[in-house]
Every structure is written in C-alpha cells, then in structure tokens.
Amino acid sequence: MVIKTAYDKLETVKAISSLWDPLTADQRTLLLKHITIERFKKNDLIYKENETPTALMCLIKGKVKICKDGVSGRNQIIGVIKPVGLFGYRAYFAKEDYKTAAAAFETSVIAFIPMEIIMRLIEENSMIGLLFIKELSVGLGQANDRTVNLTQKHIRGRLAEAIIFLKDNYGVEEDEHTLSIYLSREDLANLSNMTTSNAIRTLSAFSAEKLIATDGRKIKIIQDEELRKISKMG
C-alpha cells in the first residue's frame, strides 16, 4: 500500500530527524518531492537477496528483520530495525546487489528515497555524508560484536542474548516485563543461531528456572539481571 498525501510525507520526513535536520530549505523540498511511503503487512518481503538496490529505506513504524540464507538454505536473522532506522543502502554504496533480505515482523510503514537523490544530497551537504559514515561505522561495530557472540557463546548464552537484544531494541509492554515483539520459535532460533528444537528446549529451561514466562509467542522477562549474566558469561 502506497501512502501519497503531502501531510503524511512531511510528517514522515520530519520523523527522520537525523536526515531532515541538516538539510537546507531547497534540499528539504527535493527530499519531499521524491519520497515514497509504503505500508507492509506482517511477513511481507521488503527487499530480497540479489536484487539491485535503488532506494534508502527508513522504518517509520513497525518492526523489520534483516536476514540471510546460509548453509543448506538455513535462514539467519542478522539484524533488526526499529523506528526510525535507516537501512537498505549499504549495498548501493558498495556497488553490489543485496546480500541480505528484509521482511516485516509486523505491519510496518517505510519511507523510500531514491539513492540518486541521496547521492545528490551528499554531494551538496557534507553533513549528510558524515551521517552515513556514522551509521555504517556503528553498524560495523555491532556486526563485529554479534559475529563473536553467535559463534563463541553456548546455546544458553545465545538465547539469553537474543531476549535481551529484543528488549533493548524494541522495549516492553506496559507491565514493563513483556517483550513488545512476539516472535515465532523459528524466528527466535534464527536470531540466536540455533535450531528451532534447541530454541524451544532452552526457552523451556529458562521458564523452568523462572528466568522468563511464556504465553504463546509472548515472552515475559522475570529475572533481567540473571539473563544478562548468562548472556555475558556465554
């Protein structure tokens, strides 16, 4: 679904304060002219591996996963996007096709800006270039940490880290304990770099130890500090 009203465009771009604030009046007009806003349903594919990148994406509302098929086609969630995160641009800068795919965890609203417009803004405004240097640098650091964690931690440490990761990125509901994102056991396993059966067994063990409580896809954190300790110890 494409959202076309001028008001929605303006409110959306204002939400992207990191990109909007450094622009001049003329540059803001240029951005508004070329932005497209789309709504995606749960599990809708936003882009897929091997597609040619054409646009910068910004998640305005909702939750998005970045994933990649690994050995034997096994899917690995390598990152999550929260509002108002920028994504989908690395491959363009690298002159590559997408090496990952992106899909909506839930109904999501995403702004699309053609990369040729972004390149024009970078050429005209050095602050926009510095924004992307920072975004890429932070992302690289997070990727390095995640690579070590997913390859060196034991199963309990990986699952504990995934639960804390989801809490820190997406927050909790009004009770201040239940994660505000409801993942299938398969998605939780893909985020933790383990099989679905291992994720189910470890989740059950955490429940038995009163570290968490589960209700379908809902996960309620009971002992936050203990989970963080398990994650840290690996």
# chains A, B, ... in the order shown; residues from 1 in each chain; ligands from 1
>>> residues_around(residues="Asn198 in chain A", least_positions_apart="3", cutoff="12 Å", atoms="only C-alpha atoms", output="list in words")
His154, Ile155, Arg156, Arg158, Leu159, Arg185, Glu186, Leu188, Ala189, Asn190, Ser192, Asn193, Met194, Thr195, Arg201, Thr202, Leu203, Ser204 and Ala205 of chain A
>>> write_last_selection(atoms="all heavy atoms", output="compact mmCIF listing (two decimals), in the first residue's frame")
# COMPACT_ATOMS: atom_id res chain seq x y z
N HIS A 154 27.68 -20.36 24.07
CA HIS A 154 26.90 -21.59 24.10
C HIS A 154 25.43 -21.25 23.85
O HIS A 154 25.03 -20.08 23.79
CB HIS A 154 27.07 -22.29 25.45
CG HIS A 154 28.47 -22.77 25.70
ND1 HIS A 154 29.08 -23.74 24.94
CD2 HIS A 154 29.39 -22.38 26.63
CE1 HIS A 154 30.30 -23.95 25.38
NE2 HIS A 154 30.52 -23.13 26.40
N ILE A 155 24.61 -22.28 23.72
CA ILE A 155 23.20 -22.10 23.37
C ILE A 155 22.48 -21.21 24.39
O ILE A 155 21.74 -20.30 24.01
CB ILE A 155 22.50 -23.47 23.25
CG1 ILE A 155 22.94 -24.17 21.96
CG2 ILE A 155 20.98 -23.31 23.26
CD1 ILE A 155 22.38 -25.57 21.81
N ARG A 156 22.69 -21.46 25.68
CA ARG A 156 22.02 -20.65 26.70
C ARG A 156 22.43 -19.18 26.59
O ARG A 156 21.59 -18.28 26.69
CB ARG A 156 22.34 -21.18 28.09
CG ARG A 156 21.59 -22.44 28.46
CD ARG A 156 22.09 -23.02 29.78
NE ARG A 156 21.90 -22.10 30.90
CZ ARG A 156 20.79 -22.02 31.62
NH1 ARG A 156 19.75 -22.79 31.33
NH2 ARG A 156 20.69 -21.19 32.65
N ARG A 158 23.48 -17.62 23.91
CA ARG A 158 22.95 -17.03 22.68
C ARG A 158 21.48 -16.68 22.83
O ARG A 158 21.02 -15.63 22.37
CB ARG A 158 23.17 -17.97 21.49
CG ARG A 158 24.64 -18.17 21.15
CD ARG A 158 24.83 -18.61 19.71
NE ARG A 158 24.16 -19.84 19.37
CZ ARG A 158 24.69 -21.05 19.48
NH1 ARG A 158 25.92 -21.20 19.96
NH2 ARG A 158 24.04 -22.13 19.10
N LEU A 159 20.71 -17.57 23.46
CA LEU A 159 19.28 -17.30 23.61
C LEU A 159 19.05 -16.16 24.60
O LEU A 159 18.20 -15.30 24.37
CB LEU A 159 18.54 -18.54 24.06
CG LEU A 159 17.01 -18.40 24.07
CD1 LEU A 159 16.48 -18.10 22.68
CD2 LEU A 159 16.33 -19.63 24.63
N ARG A 185 8.93 -19.32 17.36
CA ARG A 185 10.11 -20.04 17.86
C ARG A 185 11.16 -20.14 16.76
O ARG A 185 12.37 -20.12 17.03
CB ARG A 185 9.71 -21.43 18.36
CG ARG A 185 8.73 -21.41 19.54
CD ARG A 185 9.34 -20.72 20.74
NE ARG A 185 8.46 -20.74 21.90
CZ ARG A 185 7.74 -19.70 22.31
NH1 ARG A 185 7.78 -18.56 21.64
NH2 ARG A 185 6.98 -19.77 23.39
N GLU A 186 10.72 -20.25 15.51
CA GLU A 186 11.66 -20.32 14.39
C GLU A 186 12.44 -19.02 14.25
O GLU A 186 13.67 -19.03 14.07
CB GLU A 186 10.93 -20.63 13.09
CG GLU A 186 11.86 -20.77 11.89
CD GLU A 186 11.12 -21.07 10.60
OE1 GLU A 186 9.87 -21.03 10.60
OE2 GLU A 186 11.79 -21.34 9.59
N LEU A 188 12.98 -16.81 16.61
CA LEU A 188 13.85 -16.69 17.78
C LEU A 188 15.10 -17.55 17.59
O LEU A 188 16.21 -17.14 17.94
CB LEU A 188 13.09 -17.11 19.04
CG LEU A 188 13.76 -16.79 20.38
CD1 LEU A 188 14.01 -15.30 20.53
CD2 LEU A 188 12.90 -17.30 21.53
N ALA A 189 14.92 -18.73 17.02
CA ALA A 189 16.06 -19.60 16.73
C ALA A 189 16.97 -18.98 15.68
O ALA A 189 18.21 -19.01 15.82
CB ALA A 189 15.56 -20.97 16.25
N ASN A 190 16.38 -18.40 14.65
CA ASN A 190 17.17 -17.78 13.59
C ASN A 190 17.94 -16.57 14.10
O ASN A 190 19.02 -16.25 13.60
CB ASN A 190 16.27 -17.37 12.43
CG ASN A 190 15.70 -18.56 11.68
OD1 ASN A 190 16.25 -19.66 11.75
ND2 ASN A 190 14.61 -18.36 10.97
N SER A 192 19.08 -16.41 17.14
CA SER A 192 20.05 -16.92 18.11
C SER A 192 21.07 -17.88 17.50
O SER A 192 21.92 -18.42 18.22
CB SER A 192 19.32 -17.65 19.25
OG SER A 192 18.30 -16.86 19.79
N ASN A 193 20.98 -18.12 16.20
CA ASN A 193 21.89 -19.04 15.51
C ASN A 193 21.83 -20.44 16.11
O ASN A 193 22.84 -21.02 16.51
CB ASN A 193 23.33 -18.52 15.54
CG ASN A 193 24.25 -19.32 14.61
OD1 ASN A 193 23.82 -19.87 13.61
ND2 ASN A 193 25.53 -19.39 14.97
N MET A 194 20.61 -21.00 16.17
CA MET A 194 20.43 -22.36 16.66
C MET A 194 19.23 -22.97 15.96
O MET A 194 18.48 -22.28 15.26
CB MET A 194 20.23 -22.37 18.18
CG MET A 194 18.98 -21.64 18.66
SD MET A 194 18.78 -21.72 20.47
CE MET A 194 20.12 -20.68 21.04
N THR A 195 19.06 -24.26 16.12
CA THR A 195 17.90 -24.92 15.53
C THR A 195 16.64 -24.56 16.33
O THR A 195 16.73 -24.18 17.51
CB THR A 195 18.07 -26.45 15.54
OG1 THR A 195 18.14 -26.91 16.89
CG2 THR A 195 19.34 -26.86 14.79
N ARG A 201 13.74 -25.98 23.54
CA ARG A 201 14.23 -26.63 24.76
C ARG A 201 14.85 -25.62 25.73
O ARG A 201 14.59 -25.66 26.94
CB ARG A 201 15.25 -27.72 24.42
CG ARG A 201 14.64 -29.01 23.91
CD ARG A 201 15.65 -30.14 23.94
NE ARG A 201 16.73 -29.91 23.00
CZ ARG A 201 16.73 -30.33 21.74
NH1 ARG A 201 15.68 -31.00 21.28
NH2 ARG A 201 17.75 -30.09 20.95
N THR A 202 15.65 -24.69 25.18
CA THR A 202 16.31 -23.71 26.04
C THR A 202 15.32 -22.72 26.61
O THR A 202 15.42 -22.31 27.77
CB THR A 202 17.41 -22.97 25.25
OG1 THR A 202 18.27 -23.92 24.61
CG2 THR A 202 18.26 -22.10 26.18
N LEU A 203 14.33 -22.35 25.81
CA LEU A 203 13.27 -21.46 26.31
C LEU A 203 12.50 -22.14 27.43
O LEU A 203 12.17 -21.49 28.45
CB LEU A 203 12.33 -21.10 25.15
CG LEU A 203 11.59 -19.77 25.21
CD1 LEU A 203 12.55 -18.60 25.26
CD2 LEU A 203 10.66 -19.63 24.01
N SER A 204 12.23 -23.42 27.28
CA SER A 204 11.53 -24.18 28.33
C SER A 204 12.38 -24.24 29.59
O SER A 204 11.85 -24.14 30.71
CB SER A 204 11.21 -25.59 27.84
OG SER A 204 10.31 -25.56 26.76
N ALA A 205 13.70 -24.40 29.42
CA ALA A 205 14.59 -24.44 30.58
C ALA A 205 14.59 -23.10 31.31
O ALA A 205 14.54 -23.05 32.54
CB ALA A 205 16.01 -24.79 30.13
>>> residues_around(residues="range 46-59 of chain A", least_positions_apart="3", cutoff="8 Å", atoms="only C-alpha atoms", output="PyMOL selection string")
chain A and resi 16+40+62-64+68+81-89+91-92+96-104+108-116+118
>>> write_last_selection(atoms="N, CA and C atoms", output="CSV table (one decimal), in the first residue's frame")
chain,number,residue,atom,x,y,z
A,16,ILE,N,12.4,11.5,10.5
A,16,ILE,CA,13.8,11.1,10.2
A,16,ILE,C,14.7,12.3,10.5
A,40,PHE,N,3.6,-2.2,4.8
A,40,PHE,CA,3.8,-3.6,4.6
A,40,PHE,C,3.1,-4.4,5.7
A,62,GLY,N,6.6,0.2,13.1
A,62,GLY,CA,6.7,-1.2,13.0
A,62,GLY,C,8.0,-1.8,13.4
A,63,LYS,N,8.3,-3.1,12.9
A,63,LYS,CA,9.5,-3.8,13.2
A,63,LYS,C,9.9,-4.6,11.9
A,64,VAL,N,11.2,-4.6,11.6
A,64,VAL,CA,11.7,-5.2,10.4
A,64,VAL,C,12.9,-6.1,10.8
A,68,LYS,N,19.5,-13.5,6.1
A,68,LYS,CA,20.3,-14.0,5.0
A,68,LYS,C,20.2,-15.5,5.1
A,81,ILE,N,15.6,-3.9,12.7
A,81,ILE,CA,15.4,-2.4,12.5
A,81,ILE,C,14.3,-1.9,13.4
A,82,LYS,N,14.5,-0.8,14.1
A,82,LYS,CA,13.5,-0.2,14.9
A,82,LYS,C,13.3,1.2,14.4
A,83,PRO,N,12.1,1.8,14.6
A,83,PRO,CA,11.9,3.2,14.1
A,83,PRO,C,12.9,4.2,14.9
A,84,VAL,N,13.4,5.2,14.2
A,84,VAL,CA,13.3,5.4,12.8
A,84,VAL,C,14.6,5.1,12.1
A,85,GLY,N,14.9,3.8,12.0
A,85,GLY,CA,16.2,3.4,11.5
A,85,GLY,C,16.3,3.4,10.0
A,86,LEU,N,17.5,3.8,9.5
A,86,LEU,CA,17.8,3.8,8.1
A,86,LEU,C,18.4,2.4,7.7
A,87,PHE,N,18.0,1.9,6.5
A,87,PHE,CA,18.5,0.6,6.1
A,87,PHE,C,18.4,0.5,4.6
A,88,GLY,N,19.1,-0.6,4.1
A,88,GLY,CA,19.0,-0.9,2.7
A,88,GLY,C,19.9,-0.1,1.7
A,89,TYR,N,20.8,0.6,2.3
A,89,TYR,CA,21.7,1.5,1.5
A,89,TYR,C,23.1,1.0,1.3
A,91,ALA,N,24.5,-1.8,0.3
A,91,ALA,CA,24.8,-2.4,-1.0
A,91,ALA,C,25.0,-1.4,-2.1
A,92,TYR,N,24.2,-0.3,-2.1
A,92,TYR,CA,24.3,0.7,-3.1
A,92,TYR,C,25.7,1.3,-3.0
A,96,GLU,N,27.0,-3.2,-5.0
A,96,GLU,CA,26.6,-4.6,-5.0
A,96,GLU,C,25.1,-4.8,-5.1
A,97,ASP,N,24.7,-6.0,-5.4
A,97,ASP,CA,23.3,-6.3,-5.2
A,97,ASP,C,23.1,-6.6,-3.7
A,98,TYR,N,21.9,-6.7,-3.2
A,98,TYR,CA,21.7,-7.0,-1.8
A,98,TYR,C,22.2,-8.4,-1.5
A,99,LYS,N,22.9,-8.5,-0.4
A,99,LYS,CA,23.4,-9.7,0.2
A,99,LYS,C,22.5,-10.3,1.3
A,100,THR,N,21.5,-9.5,1.6
A,100,THR,CA,20.5,-9.8,2.6
A,100,THR,C,19.1,-9.6,2.1
A,101,ALA,N,18.1,-10.0,2.9
A,101,ALA,CA,16.7,-9.7,2.6
A,101,ALA,C,16.1,-9.0,3.8
A,102,ALA,N,15.0,-8.3,3.6
A,102,ALA,CA,14.4,-7.6,4.7
A,102,ALA,C,12.9,-8.0,4.7
A,103,ALA,N,12.3,-8.2,5.8
A,103,ALA,CA,10.9,-8.5,5.9
A,103,ALA,C,10.3,-7.9,7.2
A,104,ALA,N,9.0,-7.7,7.1
A,104,ALA,CA,8.3,-7.1,8.2
A,104,ALA,C,7.9,-8.1,9.3
A,108,SER,N,4.2,-2.6,9.1
A,108,SER,CA,5.2,-1.5,9.1
A,108,SER,C,5.1,-0.5,8.1
A,109,VAL,N,5.4,0.7,8.4
A,109,VAL,CA,5.4,1.9,7.5
A,109,VAL,C,6.8,2.3,7.2
A,110,ILE,N,7.2,2.3,5.9
A,110,ILE,CA,8.6,2.6,5.5
A,110,ILE,C,8.6,3.7,4.4
A,111,ALA,N,9.6,4.6,4.6
A,111,ALA,CA,9.8,5.6,3.6
A,111,ALA,C,10.9,5.2,2.7
A,112,PHE,N,10.7,5.4,1.4
A,112,PHE,CA,11.7,5.1,0.4
A,112,PHE,C,12.2,6.4,-0.3
A,113,ILE,N,13.5,6.6,-0.4
A,113,ILE,CA,14.1,7.7,-1.0
A,113,ILE,C,15.1,7.2,-2.1
A,114,PRO,N,14.9,7.6,-3.3
A,114,PRO,CA,15.8,7.1,-4.4
A,114,PRO,C,17.3,7.4,-4.0
A,115,MET,N,18.2,6.5,-4.2
A,115,MET,CA,19.6,6.7,-3.9
A,115,MET,C,20.2,7.8,-4.7
A,116,GLU,N,19.8,8.0,-5.9
A,116,GLU,CA,20.4,9.1,-6.7
A,116,GLU,C,20.1,10.4,-6.0
A,118,ILE,N,19.8,10.7,-2.7
A,118,ILE,CA,20.7,10.7,-1.5
A,118,ILE,C,22.1,11.1,-1.9
>>> residues_around(residues="range 122-133 of chain A", least_positions_apart="4", cutoff="9 Å", atoms="only C-alpha atoms", output="JSON, numbers by chain")
{"A": [18, 19, 22, 23, 24, 27, 117, 118, 137, 138]}
>>> atom_distance(atom1="CA of Arg228 in chain A", atom2="CA of Arg146 in chain A")
15.1 Å
>>> select_by_dssp(residues="range 32-208 of chain A", states="strand (DSSP E)", output="mmCIF file with C-alpha atoms, in the first residue's frame")
data_model
loop_
_atom_site.group_PDB
_atom_site.id
_atom_site.type_symbol
_atom_site.label_atom_id
_atom_site.label_comp_id
_atom_site.auth_asym_id
_atom_site.auth_seq_id
_atom_site.Cartn_x
_atom_site.Cartn_y
_atom_site.Cartn_z
ATOM 1 C CA THR A 36 7.500 7.419 -1.262
ATOM 2 C CA ILE A 37 5.812 5.889 1.768
ATOM 3 C CA GLU A 38 4.579 2.310 1.783
ATOM 4 C CA ARG A 39 2.837 0.065 4.316
ATOM 5 C CA PHE A 40 3.839 -3.594 4.594
ATOM 6 C CA LEU A 45 9.177 -9.015 1.891
ATOM 7 C CA ILE A 46 10.616 -5.504 1.622
ATOM 8 C CA TYR A 47 13.614 -6.442 -0.492
ATOM 9 C CA ALA A 55 16.468 3.371 -2.537
ATOM 10 C CA LEU A 56 17.324 4.311 1.007
ATOM 11 C CA MET A 57 14.691 2.966 3.404
ATOM 12 C CA CYS A 58 13.612 4.341 6.758
ATOM 13 C CA LEU A 59 11.351 2.439 9.112
ATOM 14 C CA ILE A 60 8.757 4.894 10.427
ATOM 15 C CA LYS A 61 6.503 2.466 12.298
ATOM 16 C CA VAL A 64 11.721 -5.211 10.434
ATOM 17 C CA LYS A 65 14.191 -8.100 10.330
ATOM 18 C CA ILE A 66 17.296 -8.303 8.156
ATOM 19 C CA CYS A 67 18.084 -11.899 7.259
ATOM 20 C CA LYS A 68 20.266 -14.034 5.032
ATOM 21 C CA ASP A 69 20.147 -17.608 3.793
ATOM 22 C CA ASN A 75 17.771 -18.599 7.368
ATOM 23 C CA GLN A 76 19.724 -16.400 9.779
ATOM 24 C CA ILE A 77 18.387 -13.159 11.245
ATOM 25 C CA ILE A 78 21.440 -10.905 11.326
ATOM 26 C CA GLY A 79 19.793 -7.709 12.484
ATOM 27 C CA VAL A 80 16.578 -5.923 13.388
ATOM 28 C CA ILE A 81 15.440 -2.407 12.546
ATOM 29 C CA LEU A 86 17.787 3.769 8.084
ATOM 30 C CA PHE A 87 18.538 0.593 6.112
ATOM 31 C CA ALA A 101 16.727 -9.711 2.621
ATOM 32 C CA ALA A 102 14.357 -7.616 4.724
ATOM 33 C CA ALA A 103 10.871 -8.541 5.902
ATOM 34 C CA ALA A 104 8.283 -7.058 8.241
ATOM 35 C CA SER A 108 5.239 -1.539 9.145
ATOM 36 C CA VAL A 109 5.400 1.863 7.460
ATOM 37 C CA ILE A 110 8.555 2.552 5.465
ATOM 38 C CA ALA A 111 9.796 5.625 3.625
ATOM 39 C CA PHE A 112 11.710 5.102 0.368
ATOM 40 C CA ILE A 113 14.083 7.739 -1.031
ATOM 41 C CA PRO A 114 15.844 7.121 -4.380
#
>>> select_by_dssp(residues="range 44-162 of chain A", states="alpha helix (DSSP H)", output="ChimeraX atom specification")
/A:90-93,115-124,126-152,155-162
>>> write_last_selection(atoms="C-alpha atoms", output="tab-separated table (two decimals), in the first residue's frame")
chain	number	residue	atom	x	y	z
A	90	ARG	CA	24.98	-0.32	2.20
A	91	ALA	CA	24.83	-2.42	-0.96
A	92	TYR	CA	24.32	0.68	-3.10
A	93	PHE	CA	27.41	2.38	-1.68
A	115	MET	CA	19.58	6.67	-3.86
A	116	GLU	CA	20.36	9.11	-6.67
A	117	ILE	CA	18.65	11.79	-4.57
A	118	ILE	CA	20.66	10.71	-1.51
A	119	MET	CA	23.88	10.91	-3.56
A	120	ARG	CA	22.93	14.40	-4.72
A	121	LEU	CA	22.34	15.48	-1.12
A	122	ILE	CA	25.70	14.01	-0.05
A	123	GLU	CA	27.47	15.96	-2.81
A	124	GLU	CA	25.75	19.19	-1.77
A	126	SER	CA	28.82	17.20	3.81
A	127	MET	CA	26.74	16.68	6.97
A	128	ILE	CA	24.67	14.05	5.15
A	129	GLY	CA	27.86	12.23	4.19
A	130	LEU	CA	29.02	12.28	7.81
A	131	LEU	CA	25.64	10.85	8.86
A	132	PHE	CA	26.16	7.79	6.68
A	133	ILE	CA	29.77	7.37	7.82
A	134	LYS	CA	28.50	7.26	11.40
A	135	GLU	CA	25.62	4.89	10.56
A	136	LEU	CA	27.93	2.48	8.73
A	137	SER	CA	30.59	2.65	11.45
A	138	VAL	CA	28.12	1.90	14.24
A	139	GLY	CA	26.63	-0.93	12.19
A	140	LEU	CA	30.06	-2.45	11.56
A	141	GLY	CA	30.86	-2.41	15.27
A	142	GLN	CA	27.57	-4.09	16.11
A	143	ALA	CA	28.13	-6.70	13.40
A	144	ASN	CA	31.59	-7.50	14.80
A	145	ASP	CA	30.18	-7.98	18.30
A	146	ARG	CA	27.32	-10.11	17.03
A	147	THR	CA	29.65	-12.34	14.97
A	148	VAL	CA	31.71	-13.18	18.05
A	149	ASN	CA	28.63	-13.71	20.22
A	150	LEU	CA	26.86	-16.02	17.75
A	151	THR	CA	29.93	-18.16	17.09
A	152	GLN	CA	31.52	-18.40	20.54
A	155	ILE	CA	23.20	-22.10	23.37
A	156	ARG	CA	22.02	-20.65	26.70
A	157	GLY	CA	24.18	-17.57	26.24
A	158	ARG	CA	22.95	-17.03	22.68
A	159	LEU	CA	19.28	-17.30	23.61
A	160	ALA	CA	19.69	-15.06	26.66
A	161	GLU	CA	21.44	-12.50	24.46
A	162	ALA	CA	18.65	-12.66	21.88
>>> atom_distance(atom1="CA of Ile200 in chain A", atom2="CA of Leu166 in chain A")
17.0 Å
